[in-house]
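**Q** Below is the file work-v8.csv, with CSV, C-alpha atoms.
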chain,number,residue,atom,x,y,z
A,90,MET,CA,-306.0,91.6,-34.5
A,91,ILE,CA,-306.2,90.6,-38.2
A,92,SER,CA,-309.3,88.7,-39.0
A,93,GLU,CA,-309.6,85.8,-41.4
A,94,THR,CA,-309.1,87.8,-44.6
A,95,ASP,CA,-307.7,91.2,-44.5
A,96,ILE,CA,-306.5,93.9,-46.8
A,97,VAL,CA,-303.5,95.5,-45.1
A,98,PHE,CA,-301.7,98.8,-45.9
A,99,PHE,CA,-298.1,99.2,-44.7
A,100,SER,CA,-296.9,102.6,-43.7
A,101,GLY,CA,-298.3,104.7,-46.4
A,102,LEU,CA,-297.6,102.4,-49.3
A,103,GLN,CA,-300.3,102.8,-52.0
A,104,ALA,CA,-300.6,99.1,-52.8
A,105,PRO,CA,-301.8,96.8,-50.1
A,106,ALA,CA,-301.2,93.2,-49.2
A,107,ALA,CA,-303.9,90.6,-48.7
A,108,PHE,CA,-303.7,88.1,-45.8
A,109,ASP,CA,-306.0,85.1,-45.6
A,110,GLN,CA,-305.9,83.2,-42.3
A,111,CYS,CA,-302.5,84.6,-41.3
A,112,GLU,CA,-303.3,85.7,-37.8
A,113,ALA,CA,-300.2,83.9,-36.4
A,114,LEU,CA,-297.9,86.0,-38.5
A,115,TYR,CA,-299.1,89.3,-37.2
A,116,PRO,CA,-297.0,89.5,-34.0
A,117,ILE,CA,-293.9,88.5,-36.0
A,118,LEU,CA,-294.5,91.1,-38.7
A,119,SER,CA,-295.2,93.7,-36.1
A,120,ALA,CA,-291.9,92.9,-34.3
A,121,VAL,CA,-289.7,92.7,-37.4
A,122,LEU,CA,-291.2,95.7,-39.1
A,123,ARG,CA,-290.4,97.8,-36.1
A,124,ASP,CA,-291.2,101.2,-37.5
A,125,TRP,CA,-294.0,100.2,-39.9
A,126,GLN,CA,-297.7,100.8,-39.3
A,127,MET,CA,-300.1,98.0,-40.4
A,128,GLU,CA,-303.5,99.4,-41.2
A,129,ARG,CA,-306.3,96.9,-41.8
A,130,ARG,CA,-309.1,98.0,-44.1
A,131,ASP,CA,-312.2,96.3,-45.4
A,132,SER,CA,-311.1,96.7,-49.0
A,133,GLY,CA,-308.2,98.1,-51.0
A,134,GLY,CA,-310.5,100.6,-52.8
A,135,ASP,CA,-309.0,101.2,-56.2
A,136,ALA,CA,-305.7,99.6,-55.1
A,137,SER,CA,-305.3,95.8,-55.8
A,138,PRO,CA,-303.1,93.8,-53.5
A,139,VAL,CA,-299.6,93.4,-54.9
A,140,ILE,CA,-298.9,90.6,-52.4
A,141,GLU,CA,-301.2,87.8,-51.4
A,142,LEU,CA,-300.5,85.5,-48.5
A,143,GLN,CA,-302.7,82.6,-47.6
A,144,LYS,CA,-302.5,79.9,-45.1
A,145,THR,CA,-303.1,76.5,-46.8
A,146,ALA,CA,-302.7,72.9,-45.8
A,147,GLY,CA,-299.2,72.9,-47.2
A,148,GLY,CA,-298.1,76.1,-45.5
A,149,TYR,CA,-298.2,79.8,-46.1
A,150,GLU,CA,-298.5,80.4,-49.9
A,151,ARG,CA,-297.5,83.7,-51.3
A,152,ARG,CA,-298.2,85.2,-54.7
A,153,SER,CA,-297.0,88.6,-55.7
A,154,ASN,CA,-296.2,90.8,-58.7
A,155,TRP,CA,-292.6,89.7,-58.3
A,156,LEU,CA,-293.1,86.0,-58.2
A,157,SER,CA,-293.4,83.9,-61.3
A,158,LYS,CA,-294.9,81.1,-59.3
A,159,PRO,CA,-296.3,80.8,-55.7
A,160,SER,CA,-293.8,80.6,-52.9
A,161,VAL,CA,-294.7,78.3,-49.9
A,162,PHE,CA,-293.1,78.3,-46.5
A,163,VAL,CA,-294.2,76.2,-43.5
A,164,ASP,CA,-292.3,78.1,-40.8
A,165,PRO,CA,-293.9,81.4,-39.8
A,166,VAL,CA,-290.5,83.2,-39.4
A,167,ASP,CA,-289.4,82.0,-42.8
A,168,THR,CA,-292.7,83.2,-44.2
A,169,VAL,CA,-292.3,86.6,-42.8
A,170,CYS,CA,-288.7,86.9,-43.9
A,171,ASP,CA,-289.7,86.1,-47.5
A,172,PHE,CA,-292.8,88.3,-47.4
A,173,ILE,CA,-290.6,91.3,-46.4
A,174,VAL,CA,-288.6,90.8,-49.6
A,175,ASP,CA,-291.8,91.4,-51.6
A,176,LEU,CA,-292.8,94.3,-49.3
A,177,ILE,CA,-289.5,96.0,-50.1
A,178,HIS,CA,-290.2,95.4,-53.8
A,179,ALA,CA,-293.5,97.1,-53.3
A,180,TYR,CA,-291.8,100.0,-51.5
A,181,ILE,CA,-289.2,100.4,-54.2
A,182,ALA,CA,-291.8,100.2,-56.9
A,183,GLU,CA,-293.4,103.3,-55.4
A,184,GLN,CA,-290.2,105.2,-55.0
A,185,THR,CA,-289.5,106.4,-58.5
A,186,ARG,CA,-285.9,106.8,-59.5
A,187,HIS,CA,-284.5,105.2,-56.3
A,188,LEU,CA,-281.6,102.9,-56.4
A,189,CYS,CA,-281.9,100.0,-54.0
A,190,LEU,CA,-278.7,98.2,-53.0
A,191,HIS,CA,-278.3,94.8,-51.5
A,192,GLY,CA,-276.0,95.4,-48.5
A,193,ALA,CA,-275.7,96.5,-44.9
A,194,ALA,CA,-275.2,100.1,-43.9
A,195,VAL,CA,-273.9,101.4,-40.6
A,196,GLU,CA,-273.7,104.9,-39.4
A,197,LEU,CA,-270.2,105.7,-38.2
A,198,ARG,CA,-268.7,108.9,-37.0
A,199,THR,CA,-267.8,110.0,-40.5
A,200,GLY,CA,-271.1,109.1,-42.0
A,201,LEU,CA,-272.8,106.1,-43.6
A,202,MET,CA,-270.6,103.1,-44.3
A,203,VAL,CA,-272.1,100.6,-46.9
A,204,PHE,CA,-271.1,97.0,-47.0
A,205,PRO,CA,-272.3,95.6,-50.4
A,206,SER,CA,-273.7,92.1,-50.0
A,207,THR,CA,-271.0,89.5,-50.7
A,208,TYR,CA,-271.7,85.8,-50.2
A,209,ARG,CA,-270.7,84.7,-46.6
A,210,ALA,CA,-268.7,87.8,-46.0
A,211,GLY,CA,-270.5,88.3,-42.7
A,212,LYS,CA,-271.9,91.8,-43.2
A,213,SER,CA,-274.9,91.2,-40.8
A,214,ILE,CA,-272.8,89.9,-37.9
A,215,LEU,CA,-270.1,92.5,-38.5
A,216,SER,CA,-272.8,95.3,-38.5
A,217,LEU,CA,-274.0,94.1,-35.2
A,218,GLN,CA,-270.5,93.9,-33.9
A,219,LEU,CA,-270.2,97.6,-34.8
A,220,VAL,CA,-273.6,98.4,-33.2
A,221,SER,CA,-272.5,96.7,-30.0
A,222,ARG,CA,-269.5,99.1,-30.0
A,223,GLY,CA,-271.5,102.3,-30.5
A,224,ALA,CA,-272.4,102.5,-34.2
A,225,ARG,CA,-276.0,102.8,-35.4
A,226,LEU,CA,-277.4,100.3,-38.0
A,227,PHE,CA,-279.1,101.8,-41.0
A,228,SER,CA,-279.9,98.7,-42.9
A,229,ASP,CA,-279.2,95.0,-42.7
A,230,ASP,CA,-279.9,93.8,-46.2
A,231,VAL,CA,-281.5,96.6,-48.3
A,232,LEU,CA,-280.5,100.2,-48.6
A,233,PRO,CA,-282.6,102.6,-50.7
A,234,ILE,CA,-280.8,105.6,-52.1
A,235,GLY,CA,-282.9,108.6,-53.0
A,236,SER,CA,-282.8,110.3,-56.3
A,237,GLN,CA,-281.6,113.6,-54.8
A,238,GLY,CA,-278.0,113.5,-53.6
A,239,ASN,CA,-276.4,110.4,-52.2
A,240,PHE,CA,-278.5,109.8,-49.1
A,241,GLY,CA,-279.4,106.4,-47.8
A,242,THR,CA,-282.8,105.9,-46.2
A,243,ALA,CA,-283.3,103.7,-43.2
A,244,LEU,CA,-286.3,101.3,-43.4
A,245,GLY,CA,-286.6,100.5,-39.7
A,246,ILE,CA,-286.6,96.7,-40.2
A,247,LEU,CA,-284.9,94.5,-37.6
A,248,PRO,CA,-281.6,92.8,-38.7
A,249,ARG,CA,-281.5,89.1,-39.1
A,250,LEU,CA,-278.7,86.7,-38.3
A,251,ARG,CA,-278.1,83.2,-39.5
A,252,LEU,CA,-277.7,80.6,-36.8
A,253,PRO,CA,-275.5,79.4,-35.3
A,254,LEU,CA,-273.4,82.5,-34.7
A,255,PRO,CA,-269.9,82.4,-36.1
A,256,GLU,CA,-267.2,80.9,-33.9
A,257,THR,CA,-265.3,84.2,-34.2
A,258,SER,CA,-268.1,86.0,-32.3
A,259,GLY,CA,-266.7,87.2,-29.0
A,260,GLN,CA,-268.5,86.9,-25.7
A,261,ASN,CA,-269.4,90.6,-25.6
A,262,LEU,CA,-271.2,90.3,-28.9
A,263,ARG,CA,-272.9,87.1,-27.9
A,264,ASN,CA,-274.1,88.8,-24.7
A,265,PHE,CA,-275.3,91.8,-26.8
A,266,ILE,CA,-277.3,89.5,-29.1
A,267,GLU,CA,-278.7,87.3,-26.3
A,268,GLN,CA,-280.2,90.4,-24.7
A,269,ARG,CA,-282.0,91.4,-27.9
A,270,ILE,CA,-283.6,88.2,-29.2
A,271,GLY,CA,-286.5,88.8,-31.5
A,272,PRO,CA,-288.5,86.3,-33.6
A,273,GLN,CA,-286.5,83.3,-34.5
A,274,ASN,CA,-286.5,79.7,-35.7
A,275,THR,CA,-283.7,77.1,-35.9
A,276,ARG,CA,-282.0,78.9,-38.8
A,277,TYR,CA,-282.5,82.6,-38.3
A,278,ARG,CA,-282.9,85.1,-35.5
A,279,TYR,CA,-284.1,88.7,-35.7
A,280,ILE,CA,-282.4,91.1,-33.3
A,281,ARG,CA,-284.4,93.6,-31.5
A,282,LEU,CA,-282.6,96.9,-31.6
A,283,ASP,CA,-283.9,100.2,-30.2
A,284,GLU,CA,-283.8,103.6,-32.0
A,285,ASN,CA,-280.3,104.3,-30.7
A,286,GLU,CA,-279.1,101.1,-32.3
A,287,LEU,CA,-281.3,101.0,-35.4
A,288,ALA,CA,-282.1,104.2,-37.2
A,289,ALA,CA,-285.8,105.0,-37.4
A,290,ARG,CA,-287.6,104.4,-40.6
A,291,GLY,CA,-287.2,107.4,-42.9
A,292,THR,CA,-283.9,108.6,-41.4
A,293,LEU,CA,-281.6,109.9,-44.1
A,294,ALA,CA,-277.8,109.9,-43.9
A,295,PRO,CA,-275.2,110.7,-46.6
A,296,LEU,CA,-273.1,107.9,-47.9
A,297,ALA,CA,-269.5,108.4,-46.8
A,298,ALA,CA,-267.8,105.2,-47.7
A,299,ILE,CA,-268.3,101.8,-49.3
A,300,THR,CA,-266.3,98.8,-48.2
A,301,VAL,CA,-266.3,95.5,-50.0
A,302,LEU,CA,-265.8,92.7,-47.4
A,303,ASN,CA,-263.5,89.8,-47.8
A,304,ARG,CA,-263.6,87.4,-44.8
A,305,GLU,CA,-260.7,84.9,-44.9
A,306,ALA,CA,-259.6,82.5,-42.2
A,307,GLY,CA,-256.1,83.3,-41.0
A,308,ALA,CA,-255.8,86.4,-43.2
A,309,LYS,CA,-253.9,89.4,-42.1
A,310,PRO,CA,-256.5,92.2,-41.5
A,311,SER,CA,-256.2,95.1,-44.0
A,312,LEU,CA,-258.3,98.0,-45.1
A,313,GLU,CA,-257.2,99.4,-48.5
A,314,ARG,CA,-258.6,101.7,-51.1
A,315,ALA,CA,-260.5,100.0,-53.8
A,316,ARG,CA,-261.0,100.9,-57.5
A,317,LYS,CA,-264.2,102.7,-58.1
A,318,SER,CA,-264.9,100.7,-61.2
A,319,ASP,CA,-264.7,97.4,-59.2
A,320,VAL,CA,-267.1,98.7,-56.6
A,321,ILE,CA,-269.5,99.9,-59.3
A,322,ARG,CA,-269.4,96.6,-61.0
A,323,ASP,CA,-270.2,94.8,-57.7
A,324,MET,CA,-273.0,97.2,-56.9
A,325,ILE,CA,-274.6,96.9,-60.3
A,326,LEU,CA,-275.0,93.2,-59.7
A,327,ARG,CA,-276.6,94.0,-56.3
A,328,ASN,CA,-279.0,96.8,-57.4
A,329,PHE,CA,-282.5,95.4,-57.7
A,330,ALA,CA,-284.4,98.6,-58.4
A,331,ARG,CA,-284.8,98.0,-62.1
A,332,GLN,CA,-287.4,100.6,-63.0
A,333,ASN,CA,-284.6,103.1,-63.9
A,334,PRO,CA,-282.8,102.8,-67.3
A,335,ALA,CA,-279.6,100.9,-67.0
A,336,ILE,CA,-277.5,103.8,-68.1
A,337,GLU,CA,-279.0,106.0,-65.3
A,338,ILE,CA,-278.1,103.3,-62.8
A,339,VAL,CA,-274.5,103.3,-64.0
A,340,ASP,CA,-274.4,107.1,-63.8
A,341,ARG,CA,-276.0,107.2,-60.4
A,342,LEU,CA,-273.6,104.6,-59.0
A,343,HIS,CA,-270.7,106.5,-60.5
A,344,THR,CA,-271.9,109.6,-58.7
A,345,ILE,CA,-272.2,107.7,-55.5
A,346,VAL,CA,-268.7,106.2,-55.6
A,347,GLU,CA,-267.3,109.5,-56.7
A,348,SER,CA,-268.7,111.2,-53.5
A,349,ALA,CA,-267.9,108.2,-51.2
A,350,THR,CA,-264.5,106.6,-50.5
A,351,CYS,CA,-264.2,103.0,-51.6
A,352,TYR,CA,-262.4,100.4,-49.7
A,353,SER,CA,-261.7,96.7,-49.6
A,354,MET,CA,-261.4,95.1,-46.2
A,355,THR,CA,-259.9,91.7,-45.5
A,356,TYR,CA,-260.4,90.2,-42.1
A,357,ASP,CA,-260.5,87.0,-40.1
A,358,THR,CA,-262.3,87.9,-36.9
A,359,LEU,CA,-265.0,90.4,-36.1
A,360,ASP,CA,-262.9,92.1,-33.5
A,361,GLN,CA,-260.2,92.7,-36.2
A,362,ALA,CA,-262.7,94.2,-38.5
A,363,ALA,CA,-264.3,96.4,-35.9
A,364,GLU,CA,-260.9,97.7,-34.7
A,365,LEU,CA,-259.9,98.5,-38.3
A,366,LEU,CA,-263.0,100.4,-38.9
A,367,ASP,CA,-262.9,102.2,-35.5
A,368,ALA,CA,-259.3,103.3,-36.1
A,369,ALA,CA,-260.1,104.6,-39.6
A,370,PHE,CA,-263.5,106.1,-39.1
A,371,GLY,CA,-264.7,106.1,-35.5
A,372,LEU,CA,-267.7,104.0,-34.6
A,373,ALA,CA,-270.1,106.2,-32.6
A,374,PRO,CA,-271.9,108.6,-35.0
A,375,GLU,CA,-273.0,112.1,-34.3
A,376,ARG,CA,-276.7,112.0,-34.5
A,377,MET,CA,-277.9,113.9,-37.6
A,378,ALA,CA,-281.4,115.4,-38.1
A,379,SER,CA,-283.7,113.1,-40.1
B,161,MET,CA,-253.8,89.7,-70.9
B,162,ARG,CA,-254.4,86.0,-70.8
B,163,SER,CA,-251.4,83.9,-72.0
B,164,THR,CA,-253.7,81.0,-72.9
B,165,SER,CA,-256.7,81.3,-75.2
B,166,GLY,CA,-260.0,79.6,-75.0
B,167,ASN,CA,-261.9,78.6,-78.2
B,168,ASP,CA,-260.1,79.9,-81.3
B,169,THR,CA,-261.8,81.6,-84.2
B,170,ASP,CA,-261.8,81.1,-87.9
B,171,MET,CA,-258.5,82.3,-89.3
B,172,GLY,CA,-260.4,83.8,-92.2
B,173,THR,CA,-262.2,86.3,-90.0
B,174,ARG,CA,-259.1,87.8,-88.5
B,175,GLU,CA,-259.0,90.3,-91.4
B,176,VAL,CA,-262.7,91.2,-91.3
B,177,ARG,CA,-263.2,94.6,-89.9
B,178,PHE,CA,-265.5,95.4,-87.1
B,179,ILE,CA,-266.9,98.7,-85.7
B,180,ARG,CA,-268.9,99.7,-82.7
B,181,ASN,CA,-272.7,99.4,-82.8
B,182,PRO,CA,-273.7,103.1,-82.7
B,183,GLY,CA,-276.6,102.4,-80.3
B,184,ILE,CA,-274.4,101.2,-77.5
B,185,LEU,CA,-273.8,103.6,-74.6
B,186,GLU,CA,-270.5,103.8,-72.8
B,187,ARG,CA,-269.1,105.2,-69.6
B,188,ARG,CA,-265.4,105.2,-68.9
B,189,ILE,CA,-264.5,104.7,-65.2
B,190,ASP,CA,-261.0,104.4,-64.1
B,191,ASP,CA,-259.3,102.6,-67.0
B,192,THR,CA,-262.3,100.3,-67.7
B,193,VAL,CA,-265.5,100.8,-69.7
B,194,PHE,CA,-269.1,100.0,-68.9
B,195,LEU,CA,-271.3,99.4,-72.0
B,196,VAL,CA,-275.0,99.6,-71.9
B,197,ASP,CA,-277.3,98.2,-74.6
B,198,PRO,CA,-280.4,100.4,-74.2
B,199,GLU,CA,-282.6,97.9,-76.2
B,200,ASP,CA,-282.4,95.2,-73.6
B,201,GLU,CA,-281.0,97.2,-70.7
B,202,THR,CA,-278.0,94.9,-70.2
B,203,VAL,CA,-274.7,96.2,-68.8
B,204,PHE,CA,-271.3,95.0,-69.8
B,205,HIS,CA,-267.9,95.7,-68.2
B,206,LEU,CA,-264.6,95.7,-70.0
B,207,ASN,CA,-261.4,95.5,-68.1
B,208,PRO,CA,-258.5,97.8,-69.2
B,209,VAL,CA,-257.4,95.6,-72.1
B,210,GLY,CA,-260.9,95.2,-73.3
B,211,ALA,CA,-261.4,98.9,-72.9
B,212,GLY,CA,-258.4,99.5,-75.1
B,213,ILE,CA,-259.8,97.3,-77.8
B,214,TRP,CA,-263.2,99.0,-77.6
B,215,ARG,CA,-261.4,102.3,-78.1
B,216,LEU,CA,-259.8,100.9,-81.3
B,217,LEU,CA,-263.2,99.8,-82.6
B,218,ALA,CA,-264.4,103.4,-82.8
B,219,ASP,CA,-263.0,103.0,-86.4
B,220,PRO,CA,-263.2,99.9,-88.6
B,221,THR,CA,-260.6,97.5,-87.2
B,222,SER,CA,-259.8,93.8,-87.8
B,223,PRO,CA,-258.8,91.4,-85.1
B,224,ALA,CA,-255.4,91.2,-86.8
B,225,ASP,CA,-254.9,95.0,-86.7
B,226,ALA,CA,-256.0,95.2,-83.1
B,227,GLY,CA,-253.8,92.3,-82.2
B,228,ARG,CA,-250.8,93.9,-83.8
B,229,ILE,CA,-251.4,97.1,-81.8
B,230,LEU,CA,-251.9,95.2,-78.6
B,231,GLN,CA,-248.7,93.2,-79.2
B,232,GLN,CA,-246.7,96.3,-78.7
B,233,ALA,CA,-248.1,96.5,-75.1
B,234,PHE,CA,-247.4,92.8,-74.5
B,235,PRO,CA,-244.2,92.0,-76.3
B,236,GLU,CA,-243.5,89.1,-74.0
B,237,ILE,CA,-246.6,87.2,-75.3
B,238,SER,CA,-246.5,85.4,-78.6
B,239,SER,CA,-248.3,87.2,-81.4
B,240,ASP,CA,-250.4,84.1,-82.1
B,241,VAL,CA,-251.8,84.2,-78.6
B,242,VAL,CA,-252.4,87.9,-78.6
B,243,ILE,CA,-254.2,87.8,-81.9
B,244,SER,CA,-256.2,84.7,-80.9
B,245,ASP,CA,-257.3,86.4,-77.6
B,246,VAL,CA,-258.2,89.6,-79.4
B,247,SER,CA,-260.2,87.6,-82.0
B,248,ASN,CA,-262.1,85.8,-79.3
B,249,LEU,CA,-262.9,89.0,-77.5
B,250,ILE,CA,-264.0,90.7,-80.7
B,251,HIS,CA,-266.3,87.8,-81.7
B,252,ARG,CA,-267.8,87.8,-78.2
B,253,LEU,CA,-268.5,91.5,-78.6
B,254,GLU,CA,-270.2,90.8,-81.9
B,255,ARG,CA,-272.3,88.0,-80.5
B,256,LYS,CA,-273.5,90.3,-77.8
B,257,GLY,CA,-274.5,93.0,-80.3
B,258,LEU,CA,-271.9,95.5,-79.1
B,259,ILE,CA,-270.1,95.7,-82.4
B,260,ARG,CA,-271.0,94.8,-86.0
B,261,ARG,CA,-269.1,93.9,-89.1
B,262,HIS,CA,-268.1,96.8,-91.3
B,263,GLY,CA,-269.0,96.9,-94.9
B,264,ASN,CA,-270.5,93.9,-96.7
B,265,ALA,CA,-269.0,91.1,-94.6
B,266,ALA,CA,-271.6,88.4,-93.7
B,267,PRO,CA,-272.3,88.1,-90.0
B,268,SER,CA,-271.4,85.0,-88.0
B,269,SER,CA,-274.1,82.6,-87.0
B,270,PRO,CA,-276.3,84.3,-84.4
B,271,GLU,CA,-275.6,82.9,-80.9
B,272,ALA,CA,-277.8,84.4,-78.3
B,273,ASP,CA,-275.2,84.5,-75.5
B,274,ARG,CA,-276.7,85.1,-72.1
B,275,LEU,CA,-276.2,88.7,-71.3
B,276,LEU,CA,-275.2,90.1,-68.0
Let's see the structure in the file written out as structure tokens.
**A**
Amino acid sequence: MISETDIVFFSGLQAPAAFDQCEALYPILSAVLRDWQMERRDSGGDASPVIELQKTAGGYERRSNWLSKPSVFVDPVDTVCDFIVDLIHAYIAEQTRHLCLHGAAVELRTGLMVFPSTYRAGKSILSLQLVSRGARLFSDDVLPIGSQGNFGTALGILPRLRLPLPETSGQNLRNFIEQRIGPQNTRYRYIRLDENELAARGTLAPLAAITVLNREAGAKPSLERARKSDVIRDMILRNFARQNPAIEIVDRLHTIVESATCYSMTYDTLDQAAELLDAAFGLAPERMAS
Amino acid sequence: MRSTSGNDTDMGTREVRFIRNPGILERRIDDTVFLVDPEDETVFHLNPVGAGIWRLLADPTSPADAGRILQQAFPEISSDVVISDVSNLIHRLERKGLIRRHGNAAPSSPEADRLL
């Protein structure tokens, strides 16, 4: 139970967060940050909070090292969702020389498949479609890539879907989601996945492929090789770990795309996409040691 | 190569020679080029045609000279359009600090284009 004002350390991060009258958020945080420990202390010691969250008359007001002005949300689920963005910033700030990509990552039979974030391409719902068919989710929105080799790191955070579900979601997927409802509001729903479905925090897996998604109504489904330079260009725009020099980011991404195979996938329905990927790569991964 | 041009440039600058800014870092990937300005950490991406012009700018080159070379690759496009497009690209590269005028030629008015 978090008391009125608390200094909270998350899973070994050096810098804490400060919560003021945010008791109602604790169960949501605990559920969404499935694999994260939250340690409450009386003080931060030498570490100043990098995120401050306070309940006010106007809602939950957040200040952080990454906000130019306070951010306020009324809804608790929205508040937690936005807080997690800063928590990941704090995590990345302490992981020197990591890249951090916006995108989903799913562990398939051949290795980690990354879907760079593309507006309304459906990476989150597609990833859950693949999980419902035997794949394991590595990340829903953010994938840290370590400085040694091309390994993605699972963060152990529940995936989040936008509501309502797309009309192209089949009944099997809807049933799968309905059996795993986590914290939600009218706009978003977190999906409770177990360790067979969502890799535990800290799990490493090599990047095997990168697929840029293009969802298009009525389109003929296709999976084609993509130019590495196009994929790098897209990924640069989606890398938000800026502590590394830009030229190192370009070089790192070049190394990643050289070792992974790059694709562009066009699809209309989730079943089409899943069948394409299953045929090309196989969905159920062999479990690798962390 | 675009067959229509945007804003045209001063005809008098087409013979002014430009050269790469030596501080700019480059990486060639496929047939494109990524350029990095280490001073402000911005990244630029040139498509294959832009990459070809960047290659020419390793030595002092005017928009007219670059246009004449490029015309050989695009003979179906009128020379005015080719040179105009090349001039526009070169002046954009200059505004972004990726290239500079060679010799004593006066710089164009500084426009702080929003960088990538």
**Q** Give me, please, the distance in Å between CA of Leu201 (chain A) and CA of Leu296 (chain A), quoted to one decimal.
**A**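 If I compute the distance from CA of Leu201 (chain A) to CA of Leu296 (chain A), I get 4.7 Å.
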**Q** How close does each residue of chain B get to chain A, giving the shortest atom pair and distance in Å to one decimal for every residue with an atom at most 9 Å away, counting only C-alpha atoms, sorted by chain and residue number, as JSON lines?
**A**
{"residue": "B:Leu185", "atom": "CA", "partner": "A:Ile336", "partner_atom": "CA", "distance": 7.5}
{"residue": "B:Glu186", "atom": "CA", "partner": "A:Ile336", "partner_atom": "CA", "distance": 8.4}
{"residue": "B:Arg187", "atom": "CA", "partner": "A:Val339", "partner_atom": "CA", "distance": 8.0}
{"residue": "B:Arg188", "atom": "CA", "partner": "A:Ser318", "partner_atom": "CA", "distance": 8.9}
{"residue": "B:Ile189", "atom": "CA", "partner": "A:Ser318", "partner_atom": "CA", "distance": 5.7}
{"residue": "B:Asp190", "atom": "CA", "partner": "A:Ser318", "partner_atom": "CA", "distance": 6.1}
{"residue": "B:Asp191", "atom": "CA", "partner": "A:Ser318", "partner_atom": "CA", "distance": 8.3}
{"residue": "B:Thr192", "atom": "CA", "partner": "A:Ser318", "partner_atom": "CA", "distance": 7.0}
{"residue": "B:Val193", "atom": "CA", "partner": "A:Ser318", "partner_atom": "CA", "distance": 8.5}
{"residue": "B:Phe194", "atom": "CA", "partner": "A:Val339", "partner_atom": "CA", "distance": 8.0}
{"residue": "B:Leu195", "atom": "CA", "partner": "A:Ile336", "partner_atom": "CA", "distance": 8.5}
{"residue": "B:Val196", "atom": "CA", "partner": "A:Ile336", "partner_atom": "CA", "distance": 6.2}
{"residue": "B:Asp197", "atom": "CA", "partner": "A:Ala335", "partner_atom": "CA", "distance": 8.4}
{"residue": "B:Pro198", "atom": "CA", "partner": "A:Ala335", "partner_atom": "CA", "distance": 7.3}
{"residue": "B:Glu201", "atom": "CA", "partner": "A:Ala335", "partner_atom": "CA", "distance": 5.4}
{"residue": "B:Thr202", "atom": "CA", "partner": "A:Ala335", "partner_atom": "CA", "distance": 7.0}
{"residue": "B:Val203", "atom": "CA", "partner": "A:Ala335", "partner_atom": "CA", "distance": 7.0}
{"residue": "B:His205", "atom": "CA", "partner": "A:Arg322", "partner_atom": "CA", "distance": 7.4}
{"residue": "B:Leu276", "atom": "CA", "partner": "A:Leu326", "partner_atom": "CA", "distance": 8.9}
**Q** Excluding Arg129 (chain A) and any residue of its chain fewer than 3 positions from it, enumerate the residues within 8 Å of it, using all atoms listed in the file, and give them as an NGL selection string.
**A** :A and (91 or 95-98)
**Q** If you measure from CA of Pro159 (chain A) to CA of Gln143 (chain A), what distance in Å do you get, rounded to one decimal?
**A**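 Those two atoms sit 10.5 Å apart.
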**Q** If you measure from CA of Phe162 (chain A) to CA of Ile117 (chain A), what distance in Å do you get, rounded to one decimal?
**A**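 Distance between the two atoms: 14.7 Å.
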**Q** For region 203-217 of chain A, list every protein, DNA or RNA residue within 8 Å, evaluated using only C-alpha atoms, and leave out those in the same chain fewer than 2 positions away; present the list as a VMD selection string.
**A** chain A and resid 190 to 195 201 219 to 221 226 229 to 230 248 to 250 262 296 298 to 304 323 to 324 327 359 362 to 363
**Q** Keeping only C-alpha atoms, write those residues as a PDB file, keeping the file's coordinate frame.
**A**
ATOM      1  CA  LEU A 190    -278.700  98.200 -53.000  1.00  0.00           C
ATOM      2  CA  HIS A 191    -278.300  94.800 -51.500  1.00  0.00           C
ATOM      3  CA  GLY A 192    -276.000  95.400 -48.500  1.00  0.00           C
ATOM      4  CA  ALA A 193    -275.700  96.500 -44.900  1.00  0.00           C
ATOM      5  CA  ALA A 194    -275.200 100.100 -43.900  1.00  0.00           C
ATOM      6  CA  VAL A 195    -273.900 101.400 -40.600  1.00  0.00           C
ATOM      7  CA  LEU A 201    -272.800 106.100 -43.600  1.00  0.00           C
ATOM      8  CA  LEU A 219    -270.200  97.600 -34.800  1.00  0.00           C
ATOM      9  CA  VAL A 220    -273.600  98.400 -33.200  1.00  0.00           C
ATOM     10  CA  SER A 221    -272.500  96.700 -30.000  1.00  0.00           C
ATOM     11  CA  LEU A 226    -277.400 100.300 -38.000  1.00  0.00           C
ATOM     12  CA  ASP A 229    -279.200  95.000 -42.700  1.00  0.00           C
ATOM     13  CA  ASP A 230    -279.900  93.800 -46.200  1.00  0.00           C
ATOM     14  CA  PRO A 248    -281.600  92.800 -38.700  1.00  0.00           C
ATOM     15  CA  ARG A 249    -281.500  89.100 -39.100  1.00  0.00           C
ATOM     16  CA  LEU A 250    -278.700  86.700 -38.300  1.00  0.00           C
ATOM     17  CA  LEU A 262    -271.200  90.300 -28.900  1.00  0.00           C
ATOM     18  CA  LEU A 296    -273.100 107.900 -47.900  1.00  0.00           C
ATOM     19  CA  ALA A 298    -267.800 105.200 -47.700  1.00  0.00           C
ATOM     20  CA  ILE A 299    -268.300 101.800 -49.300  1.00  0.00           C
ATOM     21  CA  THR A 300    -266.300  98.800 -48.200  1.00  0.00           C
ATOM     22  CA  VAL A 301    -266.300  95.500 -50.000  1.00  0.00           C
ATOM     23  CA  LEU A 302    -265.800  92.700 -47.400  1.00  0.00           C
ATOM     24  CA  ASN A 303    -263.500  89.800 -47.800  1.00  0.00           C
ATOM     25  CA  ARG A 304    -263.600  87.400 -44.800  1.00  0.00           C
ATOM     26  CA  ASP A 323    -270.200  94.800 -57.700  1.00  0.00           C
ATOM     27  CA  MET A 324    -273.000  97.200 -56.900  1.00  0.00           C
ATOM     28  CA  ARG A 327    -276.600  94.000 -56.300  1.00  0.00           C
ATOM     29  CA  LEU A 359    -265.000  90.400 -36.100  1.00  0.00           C
ATOM     30  CA  ALA A 362    -262.700  94.200 -38.500  1.00  0.00           C
ATOM     31  CA  ALA A 363    -264.300  96.400 -35.900  1.00  0.00           C
TER      32      ALA A 363
END
